[in-house]
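*Asks:* First the structure, which I've put down as structure tokens, then a few questions once you've had a look.
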Amino acid sequence: MTHAPETEADLAQLIRGIPGPVAVRGGSTRAGPADGPAIRTAGLSGVVLYEPAALTLVVRAGTPLSVVETVLAAEGQRLPFEPGDWRAVLGTEGTGTIGGVVAENASGPRRVQAGACRDSLIGVRFVDGGGEVVSNGGRVMKNVTGYDLVKLMAGSRGRLGVLTELSFKVQPAVPRQATIRVDVPVGAAPAVLAAALGSPFDVTGAAWVAGQGALIRVEGLAGSVDYRAGQLRDRLSAFGEARVEEDGAIWAGVRAVAPLAGLPGDLWRFHLRPSQAGAVAARLGGAVMLDWGGGCLWARVPRGVDARAIATPFDGHARRMTGTGLAPADQPEPEAVARITDGLRAAFDPRGIFAGDADADVLYP
Amino acid sequence: MQMPPPDPAILSRKDQIVQGLRAILPADAVIDDPVETRAYECDALSAYRCAPLAVILPRSTAEVSAALRFCHDQRVPVVPRGAGTSLAGGSMPTADSVVLGIARMNRVLEVDYADRFIRVEAGRTNLSVSGAVEGAGFFYAPDPSSQLACAISGNIAMNSGGAHCLKYGVTTNNLLGVTLVQMDGTVVTLGGPFMDASGLDLLGVVCGSEGQLGVVTEATLRILPKPEGARPVLIAFGANEVAGACVADIIRAGILPVAIEFMDRPCIRATEAFAHAGYPDCEALLIVEVEGSPPEIDEQIALIRQIAARHSPIEFREAQTEDEARRIWLGRKAAFGAMGQINDYMCLDGTIPVSTLPEVLRRIGDLSREAGLEVANVFHAGDGNMHPLILYNANTPGDLERCEKLGADILKLCVEVGGCLTGEHGVGVEKRDLMRVQFRAADLEAQMRVKDVFDPHWLLNPAKVFPLDDSAARRAP
């Protein structure tokens, strides 16, 4: 049975009356369709408030991401964190929703400069596991009134409640971007990316892609972009042949992790100390892509292999995004941290109705 | 403002509690002499004072853990304290509490320029974090105006902002990890020198929790390369509405200045009299600062000049030299001091949607006349974070009460137009009893459930943030 409530109040009533576990689905771009009872958020859709001059957007959680991006683009604005679109690399379909993006804290290349999804999120409304509507944060970008449950909800993957409404701080789109490409192997990439990110030239993308090398993006007013791209090219040529390009499609590919789409093996994602990315890539041995200056490493490894164990030691965490190995999909938490996590989940979802689906090992093939 | 009456059972056990703390901490780390504990009776919200039972000044995470475990077992409330610069009473003690001061933990533990972070003990002052990395061309972005004195632990507790957060964000956006000691002594590490949480974003909820979830003893902070340069412009207008419209147009044009500061006439007049910055005689002025190399700055300022011209400014002043830049900032930076010279004042920090700026300024003017107290406005216009300064005379009976009532009315106005009670100072005791203006019961309940998980006995900074009636059942011994 799939429910598709059209108002927050209906959703709250539905959850209060639901007898047992339920799966929650936005656009089903990450998890596949649910087998048992499910709630689809598609009915909770639409822009609630958009004030371009205040850089503020409030939108219902079931709104397709594509609609959000179109609405913003019409006013020359965008989501700062450049949400990841992982459908191709996960081998899933569907129309992603903004609620799904938040539930996953899915951030793309600009995360390295503009922060993650959770950093752009300034308000949430959600229905917790008891069917209670909770509001936190708001529509202003500076707000320290009470605890920051906005951050807690971002990336919580439906464990604490069903998101209904989200407020974002947005940013102006830019008139020009340029990419500096430096021809280096993956092992040398973190040093190049660190040199770029440690420069005063406000880098908004820092990736490494096989066959393309280290990729560094600058964005902004035309004269400024030309100046910074030139400065970076000159500085980075010490590492290898460096040239400036204006091909924006490179970054759509990084955002989609396109270089690893369609390859065999399980897909893993590491968040790690950037300077360790080269060594981790070497230990893993297979196809990789670096983003966030090396702070995010995507890898294909043979099916069932515990990439986390092979990559160790590193500072950070790893998640298996596809496949069904023996290793847990999520990074195991130290006992003291797990106690807090379990406590919060029990506090917001006392009946455990969201637990089964949110905890299911990776659902995609 | 009321605080719950102290627990007589704890007061009567003072000697035993102090002895217990002496047994687990070095001799000079426990203070119980009433003369000395008075130094900790208040923070920067000095209208409210109460000396604590005792003060402890541990030097390590292990000492913090041992002391908290002891207080937990004894069911003694603990009030964490950074540098005591809270404007909201965040570190104000109660008579039955132990103040845990973190100031002795101020070392730099690790600096990594390639991975762009610094790890420090949390008692280190904000400015000295930047000081530790500026030689290599880096800085720590959040810059609250108390940055010379305030501690990182307090910045994390209040999720502090600053003048430059329009571009760089506030503390939570620059915090990578913490070592947190829970009330029962458990030490947890959240985050580290990498981006984003793997499970629930516990770091995100700890930041801004006003010392109620745990004591932060170490912090991993993101550092950024310094821009090549920065330059302010000053734009003067004949009306607040016009200045507000100009701010909106600058933002709409796609320029993202690092700071847009706004001052109204009462504020301009007071700072002129005090600092002689040479500001024009006008109703409202903006200070807009942009960053980059000289040609990049020129490019941005040319655009800003174009936009401002559409609003017929009284004056557009661009700093050509370091000294001119300093003079543009002089009045703004002196604003609070200037107000302090002529009056006692209360500083609020409610945030409003930028679009409601003209309406809010007009209504603050009305409220100010009704109350018979002058209000000067200086604020971060780019993000809507107001700083109305209510001028009063502490020696005039009834003035403080009138001032507090006007303050509450202004904060209610901020919430009414879609904003919030506090943008960067925190709730503490000061705005605690206004929380129901902004939140429904279920919203507050959800937040209190978080505290239940981290601190089930409600011993850490217990009588803050939530209205006393709402937290009463949880705080009961």
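If you're wondering about the labels, chains in the structure tokens are A, B, ... by order shown, residues count from 1 in each chain, ligands from 1 in order shown.
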Dump as a Markdown table the rows for residues of chain A within 7 Å of chain B: closest atom pair and distance in Å with one decimal, only C-alpha atoms counted, ordered by chain and rising residue number.

*Replies:*
```
| residue | atom | partner | partner_atom | distance |
| --- | --- | --- | --- | --- |
| A:Pro52 | CA | B:Arg252 | CA | 6.6 |
| A:Ala53 | CA | B:Ala248 | CA | 4.9 |
| A:Ala54 | CA | B:Val354 | CA | 5.5 |
| A:Gly115 | CA | B:Asn173 | CA | 7.0 |
| A:Asp119 | CA | B:Asn173 | CA | 6.1 |
| A:Val134 | CA | B:Asp443 | CA | 5.1 |
| A:Ser135 | CA | B:Asp443 | CA | 5.7 |
| A:Asn136 | CA | B:Asp443 | CA | 6.8 |
| A:Arg139 | CA | B:Gly419 | CA | 6.9 |
| A:Val140 | CA | B:Pro353 | CA | 5.8 |
| A:Met141 | CA | B:Asp383 | CA | 6.1 |
| A:Lys142 | CA | B:Gly423 | CA | 4.7 |
| A:Asn143 | CA | B:Gly423 | CA | 4.1 |
| A:Val144 | CA | B:Gly423 | CA | 5.3 |
| A:Thr145 | CA | B:Thr422 | CA | 5.5 |
| A:Gly146 | CA | B:Val465 | CA | 6.6 |
| A:Tyr147 | CA | B:Ser209 | CA | 5.3 |
| A:Asp148 | CA | B:Val205 | CA | 5.2 |
| A:Leu149 | CA | B:Val205 | CA | 6.2 |
| A:Lys151 | CA | B:Gly204 | CA | 5.1 |
| A:Leu152 | CA | B:Asp201 | CA | 5.1 |
| A:Gly155 | CA | B:Leu200 | CA | 6.7 |
| A:Ser156 | CA | B:Leu200 | CA | 5.3 |
| A:Pro172 | CA | B:Gly254 | CA | 4.8 |
| A:Ala173 | CA | B:Gly254 | CA | 6.9 |
| A:Ala194 | CA | B:Ala114 | CA | 5.3 |
| A:Gly198 | CA | B:Pro225 | CA | 5.5 |
| A:Ser199 | CA | B:Pro225 | CA | 6.0 |
| A:Pro200 | CA | B:Pro227 | CA | 4.9 |
| A:Gly223 | CA | B:Glu296 | CA | 6.9 |
| A:Ser224 | CA | B:Glu296 | CA | 5.1 |
| A:His271 | CA | B:Met195 | CA | 6.3 |
| A:Leu272 | CA | B:Phe194 | CA | 5.0 |
| A:Arg273 | CA | B:Phe194 | CA | 4.8 |
| A:Pro274 | CA | B:Asp115 | CA | 6.0 |
| A:Ser275 | CA | B:Asp115 | CA | 6.3 |
| A:Gly295 | CA | B:Phe194 | CA | 6.4 |
| A:Gly316 | CA | B:Phe194 | CA | 5.9 |
| A:His317 | CA | B:Ser198 | CA | 6.3 |
| A:Gln331 | CA | B:Ser198 | CA | 6.6 |
| A:Ala336 | CA | B:Val188 | CA | 6.3 |
| A:Val337 | CA | B:Val188 | CA | 6.5 |
| A:Ile340 | CA | B:Val453 | CA | 6.5 |
| A:Thr341 | CA | B:Leu200 | CA | 6.8 |
| A:Gly343 | CA | B:Val453 | CA | 5.6 |
| A:Leu344 | CA | B:Val453 | CA | 6.4 |
| A:Ala347 | CA | B:Arg449 | CA | 6.3 |
```

*Asks:* Contacts of segment 77-85 of chain B at 7 Å or less, counting only C-alpha atoms, minus same-chain residues fewer than 5 places along, as a PyMOL selection string?

*Replies:* chain B and resi 43-44+91+93+96-103+123+149-151+153-154+211+215+459-461

*Asks:* Restricting it to C-alpha atoms, dump the selection as a PDB file, in the first residue's frame.

*Replies:*
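Result file result_25.pdb:
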```pdb
ATOM      1  CA  ASP B  43      29.213  37.120  31.859  1.00  0.00           C
ATOM      2  CA  ALA B  44      28.783  40.067  29.482  1.00  0.00           C
ATOM      3  CA  SER B  91      27.533  31.196  31.250  1.00  0.00           C
ATOM      4  CA  PRO B  93      25.838  30.480  37.139  1.00  0.00           C
ATOM      5  CA  ASP B  96      24.041  25.487  43.393  1.00  0.00           C
ATOM      6  CA  SER B  97      26.187  25.030  40.265  1.00  0.00           C
ATOM      7  CA  VAL B  98      29.831  24.389  39.524  1.00  0.00           C
ATOM      8  CA  VAL B  99      31.274  26.627  36.823  1.00  0.00           C
ATOM      9  CA  LEU B 100      33.588  24.692  34.503  1.00  0.00           C
ATOM     10  CA  GLY B 101      35.950  27.232  32.940  1.00  0.00           C
ATOM     11  CA  ILE B 102      37.840  26.042  29.882  1.00  0.00           C
ATOM     12  CA  ALA B 103      40.232  29.005  29.615  1.00  0.00           C
ATOM     13  CA  GLY B 123      39.583  27.590  25.450  1.00  0.00           C
ATOM     14  CA  ALA B 149      38.493  37.826  24.077  1.00  0.00           C
ATOM     15  CA  CYS B 150      35.926  35.170  23.231  1.00  0.00           C
ATOM     16  CA  ALA B 151      36.828  31.475  23.286  1.00  0.00           C
ATOM     17  CA  SER B 153      34.256  26.794  23.036  1.00  0.00           C
ATOM     18  CA  GLY B 154      31.829  29.682  23.471  1.00  0.00           C
ATOM     19  CA  GLY B 211      26.635  24.220  26.491  1.00  0.00           C
ATOM     20  CA  VAL B 215      31.596  20.337  27.140  1.00  0.00           C
ATOM     21  CA  LEU B 459      22.575  18.902  34.769  1.00  0.00           C
ATOM     22  CA  LEU B 460      24.419  20.886  32.082  1.00  0.00           C
ATOM     23  CA  ASN B 461      23.492  24.577  32.010  1.00  0.00           C
TER      24      ASN B 461
END
```

*Asks:* Would you list, as a list in words, the residues of segment 209-275 of chain B that end up in helix (DSSP H, G or I) under DSSP run on this structure's backbone?

*Replies:*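 For segment 209-275 of chain B, the helix (DSSP H, G or I) set is Asn240, Glu241, Val242, Ala243, Gly244, Ala245, Cys246, Val247, Ala248, Asp249, Ile250, Ile251, Arg252, Arg265, Pro266, Cys267, Ile268, Arg269, Ala270, Thr271, Glu272, Ala273, Phe274 and Ala275 of chain B.
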
*Asks:* Just C-alpha atoms for this one: save the residues we selected as a PDB file, in the first residue's frame.

*Replies:*
```pdb
ATOM      1  CA  ASN B 240      16.225  53.891   5.247  1.00  0.00           C
ATOM      2  CA  GLU B 241      13.917  52.503   2.560  1.00  0.00           C
ATOM      3  CA  VAL B 242      16.276  53.579  -0.197  1.00  0.00           C
ATOM      4  CA  ALA B 243      19.290  52.034   1.524  1.00  0.00           C
ATOM      5  CA  GLY B 244      17.314  48.819   1.956  1.00  0.00           C
ATOM      6  CA  ALA B 245      16.378  48.778  -1.711  1.00  0.00           C
ATOM      7  CA  CYS B 246      20.013  49.300  -2.672  1.00  0.00           C
ATOM      8  CA  VAL B 247      21.057  46.279  -0.557  1.00  0.00           C
ATOM      9  CA  ALA B 248      18.434  44.167  -2.343  1.00  0.00           C
ATOM     10  CA  ASP B 249      19.671  45.309  -5.767  1.00  0.00           C
ATOM     11  CA  ILE B 250      23.316  44.569  -4.939  1.00  0.00           C
ATOM     12  CA  ILE B 251      22.393  41.036  -3.927  1.00  0.00           C
ATOM     13  CA  ARG B 252      20.142  40.588  -6.957  1.00  0.00           C
ATOM     14  CA  ARG B 265      20.740  58.209  11.764  1.00  0.00           C
ATOM     15  CA  PRO B 266      20.767  57.847  15.579  1.00  0.00           C
ATOM     16  CA  CYS B 267      23.709  55.505  15.271  1.00  0.00           C
ATOM     17  CA  ILE B 268      25.576  57.675  12.770  1.00  0.00           C
ATOM     18  CA  ARG B 269      25.108  60.720  14.966  1.00  0.00           C
ATOM     19  CA  ALA B 270      26.367  59.001  18.107  1.00  0.00           C
ATOM     20  CA  THR B 271      29.408  57.470  16.455  1.00  0.00           C
ATOM     21  CA  GLU B 272      30.304  60.749  14.753  1.00  0.00           C
ATOM     22  CA  ALA B 273      30.278  62.510  18.091  1.00  0.00           C
ATOM     23  CA  PHE B 274      32.478  59.783  19.561  1.00  0.00           C
ATOM     24  CA  ALA B 275      34.798  58.587  16.801  1.00  0.00           C
TER      25      ALA B 275
END
```

*Asks:* Which residues are near Gly253 of chain A? Cut-off 12 Å, only C-alpha atoms, ignore same chain within fewer than 3 positions. Put them as number ranges by chain.

*Replies:* A: 84-86, 88-89, 108-109, 207-209, 212, 215, 247-250, 256-261, 289, 291

*Asks:* Neighbouring residues of segment 300-314 of chain A were defined as those with any atom within 8 Å, considering only C-alpha atoms; residues of the same chain fewer than 4 positions away were excluded. Please report them as a list in words.

*Replies:*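 Here the answer would be Leu260, Leu263, Pro264, Gly265, Asp266, Leu267, Trp268, Leu272, Arg273, Gln276, Val280, Ala281, Arg283, Leu284, Gly286, Ala287, Val288, Ala318, Arg319, Gly323, Thr324, Gly325, Leu326 and Ala327 of chain A.
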
*Asks:* Now that the selection is made, can you save its residues with N, CA and C atoms as a PDB file, in the first residue's frame?

*Replies:*
```
ATOM      1  N   LEU A 260      32.512   6.904 -13.345  1.00  0.00           N
ATOM      2  CA  LEU A 260      32.387   5.559 -12.776  1.00  0.00           C
ATOM      3  C   LEU A 260      31.063   4.899 -13.152  1.00  0.00           C
ATOM      4  N   LEU A 263      30.487   1.051 -14.937  1.00  0.00           N
ATOM      5  CA  LEU A 263      31.621   0.146 -14.718  1.00  0.00           C
ATOM      6  C   LEU A 263      31.187  -0.998 -13.804  1.00  0.00           C
ATOM      7  N   PRO A 264      31.830  -2.159 -13.912  1.00  0.00           N
ATOM      8  CA  PRO A 264      31.463  -3.285 -13.042  1.00  0.00           C
ATOM      9  C   PRO A 264      31.973  -3.059 -11.614  1.00  0.00           C
ATOM     10  N   GLY A 265      31.401  -3.800 -10.655  1.00  0.00           N
ATOM     11  CA  GLY A 265      31.863  -3.745  -9.267  1.00  0.00           C
ATOM     12  C   GLY A 265      30.962  -2.894  -8.396  1.00  0.00           C
ATOM     13  N   ASP A 266      31.241  -2.960  -7.088  1.00  0.00           N
ATOM     14  CA  ASP A 266      30.482  -2.156  -6.128  1.00  0.00           C
ATOM     15  C   ASP A 266      31.001  -0.723  -6.144  1.00  0.00           C
ATOM     16  N   LEU A 267      30.090   0.200  -5.855  1.00  0.00           N
ATOM     17  CA  LEU A 267      30.465   1.613  -5.779  1.00  0.00           C
ATOM     18  C   LEU A 267      30.619   2.002  -4.313  1.00  0.00           C
ATOM     19  N   TRP A 268      31.766   2.582  -3.975  1.00  0.00           N
ATOM     20  CA  TRP A 268      32.022   3.061  -2.605  1.00  0.00           C
ATOM     21  C   TRP A 268      32.304   4.553  -2.636  1.00  0.00           C
ATOM     22  N   LEU A 272      37.248  11.688   3.372  1.00  0.00           N
ATOM     23  CA  LEU A 272      38.503  11.475   4.070  1.00  0.00           C
ATOM     24  C   LEU A 272      39.363  12.735   4.087  1.00  0.00           C
ATOM     25  N   ARG A 273      40.399  12.654   4.884  1.00  0.00           N
ATOM     26  CA  ARG A 273      41.362  13.752   4.929  1.00  0.00           C
ATOM     27  C   ARG A 273      41.973  13.854   3.527  1.00  0.00           C
ATOM     28  N   GLN A 276      45.157  12.241   2.102  1.00  0.00           N
ATOM     29  CA  GLN A 276      45.279  10.778   2.126  1.00  0.00           C
ATOM     30  C   GLN A 276      44.666  10.127   0.889  1.00  0.00           C
ATOM     31  N   VAL A 280      45.024   6.167  -0.510  1.00  0.00           N
ATOM     32  CA  VAL A 280      43.837   5.313  -0.481  1.00  0.00           C
ATOM     33  C   VAL A 280      43.521   4.813  -1.894  1.00  0.00           C
ATOM     34  N   ALA A 281      43.616   5.701  -2.868  1.00  0.00           N
ATOM     35  CA  ALA A 281      43.363   5.299  -4.258  1.00  0.00           C
ATOM     36  C   ALA A 281      44.321   4.185  -4.668  1.00  0.00           C
ATOM     37  N   ARG A 283      45.822   1.976  -2.707  1.00  0.00           N
ATOM     38  CA  ARG A 283      45.479   0.721  -2.027  1.00  0.00           C
ATOM     39  C   ARG A 283      44.268   0.059  -2.672  1.00  0.00           C
ATOM     40  N   LEU A 284      43.290   0.875  -3.073  1.00  0.00           N
ATOM     41  CA  LEU A 284      42.083   0.304  -3.679  1.00  0.00           C
ATOM     42  C   LEU A 284      42.376  -0.259  -5.071  1.00  0.00           C
ATOM     43  N   GLY A 286      41.514   0.151  -8.116  1.00  0.00           N
ATOM     44  CA  GLY A 286      40.608   0.180  -9.276  1.00  0.00           C
ATOM     45  C   GLY A 286      40.298   1.591  -9.738  1.00  0.00           C
ATOM     46  N   ALA A 287      39.138   1.721 -10.409  1.00  0.00           N
ATOM     47  CA  ALA A 287      38.737   3.013 -10.954  1.00  0.00           C
ATOM     48  C   ALA A 287      38.286   3.935  -9.820  1.00  0.00           C
ATOM     49  N   VAL A 288      38.793   5.161  -9.794  1.00  0.00           N
ATOM     50  CA  VAL A 288      38.393   6.136  -8.779  1.00  0.00           C
ATOM     51  C   VAL A 288      38.136   7.496  -9.410  1.00  0.00           C
ATOM     52  N   ALA A 318      33.650   5.642   5.237  1.00  0.00           N
ATOM     53  CA  ALA A 318      33.370   5.090   3.919  1.00  0.00           C
ATOM     54  C   ALA A 318      31.982   4.461   3.905  1.00  0.00           C
ATOM     55  N   ARG A 319      31.348   4.554   2.755  1.00  0.00           N
ATOM     56  CA  ARG A 319      30.014   3.978   2.627  1.00  0.00           C
ATOM     57  C   ARG A 319      29.921   3.206   1.316  1.00  0.00           C
ATOM     58  N   GLY A 323      25.654  -2.742  -4.069  1.00  0.00           N
ATOM     59  CA  GLY A 323      26.177  -4.079  -3.823  1.00  0.00           C
ATOM     60  C   GLY A 323      25.800  -4.602  -2.456  1.00  0.00           C
ATOM     61  N   THR A 324      26.098  -5.859  -2.217  1.00  0.00           N
ATOM     62  CA  THR A 324      25.706  -6.502  -0.956  1.00  0.00           C
ATOM     63  C   THR A 324      26.856  -7.323  -0.420  1.00  0.00           C
ATOM     64  N   GLY A 325      27.876  -6.680   0.046  1.00  0.00           N
ATOM     65  CA  GLY A 325      29.003  -7.417   0.624  1.00  0.00           C
ATOM     66  C   GLY A 325      28.746  -7.767   2.078  1.00  0.00           C
ATOM     67  N   LEU A 326      29.710  -8.431   2.678  1.00  0.00           N
ATOM     68  CA  LEU A 326      29.608  -8.753   4.101  1.00  0.00           C
ATOM     69  C   LEU A 326      29.841  -7.505   4.948  1.00  0.00           C
ATOM     70  N   ALA A 327      30.693  -6.630   4.434  1.00  0.00           N
ATOM     71  CA  ALA A 327      30.989  -5.412   5.200  1.00  0.00           C
ATOM     72  C   ALA A 327      29.738  -4.553   5.282  1.00  0.00           C
TER      73      ALA A 327
END
```

*Asks:* Work out how far atom CA of Arg217 of chain A is from atom CA of Thr204 of chain A, in Å to one decimal.

*Replies:* 5.5 Å

*Asks:* As a list in words, please: the residues near Glu370 of chain B (cut-off 12 Å, only C-alpha atoms, same-chain neighbours under 6 positions excluded).

*Replies:*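 Contacts, in chain order: Arg363, Ile364, Arg402, Cys403, Lys405, Leu406 and Asp409 of chain B.
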
*Asks:* Using only C-alpha atoms, which residue out of B:Gly20, B:Pro26, B:Gly177, B:Pro280 lies closest to Val120 of chain B?

*Replies:*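 Of B:Gly20, B:Pro26, B:Gly177, B:Pro280, the one nearest Val120 of chain B, counting only C-alpha atoms, is B:Gly177.
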
*Asks:* Which neighbours of Asn105 of chain A fall inside 8 Å, counting only C-alpha atoms, when residues of the same chain fewer than 6 positions from it are skipped, and could you give them as a count of residues only?

*Replies:* 5

*Asks:* Using only C-alpha atoms for the distances, tell me which of A:Glu165, A:Asp183, A:Glu333, A:Asp349 is nearest to Ser237 of chain A.

*Replies:*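 Comparing A:Glu165, A:Asp183, A:Glu333, A:Asp349 against Ser237 of chain A, the winner is A:Asp183.
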
*Asks:* Using only C-alpha atoms, which residues sit within 12 Å of segment 33-43 of chain A once same-chain residues fewer than 6 positions away are excluded, as a ChimeraX atom specification?

*Replies:* /A:1-8,10-12,14-15,18-27,60-65,92-100,126-127,158,161-165,353-354,356-358,360,363-364

*Asks:* Could you please write out, as a ChimeraX atom specification, every residue of segment 288-322 of chain A that DSSP assigns to strand (DSSP E or B)?

*Replies:* /A:288-291,296-301,316-320

*Asks:* Would you save the residues of that selection, restricted to N, CA and C atoms, as a PDB file, in the first residue's frame?

*Replies:*
```
ATOM      1  N   VAL A 288      38.793   5.161  -9.794  1.00  0.00           N
ATOM      2  CA  VAL A 288      38.393   6.136  -8.779  1.00  0.00           C
ATOM      3  C   VAL A 288      38.136   7.496  -9.410  1.00  0.00           C
ATOM      4  N   MET A 289      37.402   8.322  -8.691  1.00  0.00           N
ATOM      5  CA  MET A 289      37.271   9.741  -9.027  1.00  0.00           C
ATOM      6  C   MET A 289      37.401  10.529  -7.727  1.00  0.00           C
ATOM      7  N   LEU A 290      38.162  11.614  -7.761  1.00  0.00           N
ATOM      8  CA  LEU A 290      38.277  12.466  -6.572  1.00  0.00           C
ATOM      9  C   LEU A 290      37.454  13.734  -6.757  1.00  0.00           C
ATOM     10  N   ASP A 291      36.808  14.156  -5.681  1.00  0.00           N
ATOM     11  CA  ASP A 291      36.142  15.449  -5.672  1.00  0.00           C
ATOM     12  C   ASP A 291      36.555  16.149  -4.365  1.00  0.00           C
ATOM     13  N   CYS A 296      36.625  13.795  -1.035  1.00  0.00           N
ATOM     14  CA  CYS A 296      35.619  12.798  -1.391  1.00  0.00           C
ATOM     15  C   CYS A 296      36.201  11.916  -2.490  1.00  0.00           C
ATOM     16  N   LEU A 297      36.230  10.630  -2.230  1.00  0.00           N
ATOM     17  CA  LEU A 297      36.804   9.683  -3.187  1.00  0.00           C
ATOM     18  C   LEU A 297      35.737   8.647  -3.532  1.00  0.00           C
ATOM     19  N   TRP A 298      35.420   8.557  -4.800  1.00  0.00           N
ATOM     20  CA  TRP A 298      34.481   7.534  -5.285  1.00  0.00           C
ATOM     21  C   TRP A 298      35.296   6.402  -5.898  1.00  0.00           C
ATOM     22  N   ALA A 299      34.904   5.163  -5.631  1.00  0.00           N
ATOM     23  CA  ALA A 299      35.700   4.037  -6.140  1.00  0.00           C
ATOM     24  C   ALA A 299      34.808   2.880  -6.575  1.00  0.00           C
ATOM     25  N   ARG A 300      35.248   2.206  -7.609  1.00  0.00           N
ATOM     26  CA  ARG A 300      34.675   0.908  -7.971  1.00  0.00           C
ATOM     27  C   ARG A 300      35.625  -0.165  -7.461  1.00  0.00           C
ATOM     28  N   VAL A 301      35.065  -1.143  -6.741  1.00  0.00           N
ATOM     29  CA  VAL A 301      35.890  -2.275  -6.309  1.00  0.00           C
ATOM     30  C   VAL A 301      35.146  -3.551  -6.679  1.00  0.00           C
ATOM     31  N   GLY A 316      38.412   9.451   8.413  1.00  0.00           N
ATOM     32  CA  GLY A 316      37.160   9.741   7.731  1.00  0.00           C
ATOM     33  C   GLY A 316      36.232   8.554   7.798  1.00  0.00           C
ATOM     34  N   HIS A 317      35.387   8.411   6.785  1.00  0.00           N
ATOM     35  CA  HIS A 317      34.440   7.306   6.784  1.00  0.00           C
ATOM     36  C   HIS A 317      34.134   6.870   5.360  1.00  0.00           C
ATOM     37  N   ALA A 318      33.650   5.642   5.237  1.00  0.00           N
ATOM     38  CA  ALA A 318      33.370   5.090   3.919  1.00  0.00           C
ATOM     39  C   ALA A 318      31.982   4.461   3.905  1.00  0.00           C
ATOM     40  N   ARG A 319      31.348   4.554   2.755  1.00  0.00           N
ATOM     41  CA  ARG A 319      30.014   3.978   2.627  1.00  0.00           C
ATOM     42  C   ARG A 319      29.921   3.206   1.316  1.00  0.00           C
ATOM     43  N   ARG A 320      29.402   2.006   1.418  1.00  0.00           N
ATOM     44  CA  ARG A 320      29.143   1.222   0.205  1.00  0.00           C
ATOM     45  C   ARG A 320      27.822   1.690  -0.372  1.00  0.00           C
TER      46      ARG A 320
END
```

*Asks:* Work out how far apart atom CA of Ala394 of chain B and atom CA of Ala47 of chain B are and give it in Å to one decimal.

*Replies:* 9.7 Å

*Asks:* What is the distance between atom CA of Arg475 of chain B and atom CA of Arg75 of chain B, in Å to one decimal?

*Replies:*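 Between atom CA of Arg475 of chain B and atom CA of Arg75 of chain B the gap works out to 11.0 Å.
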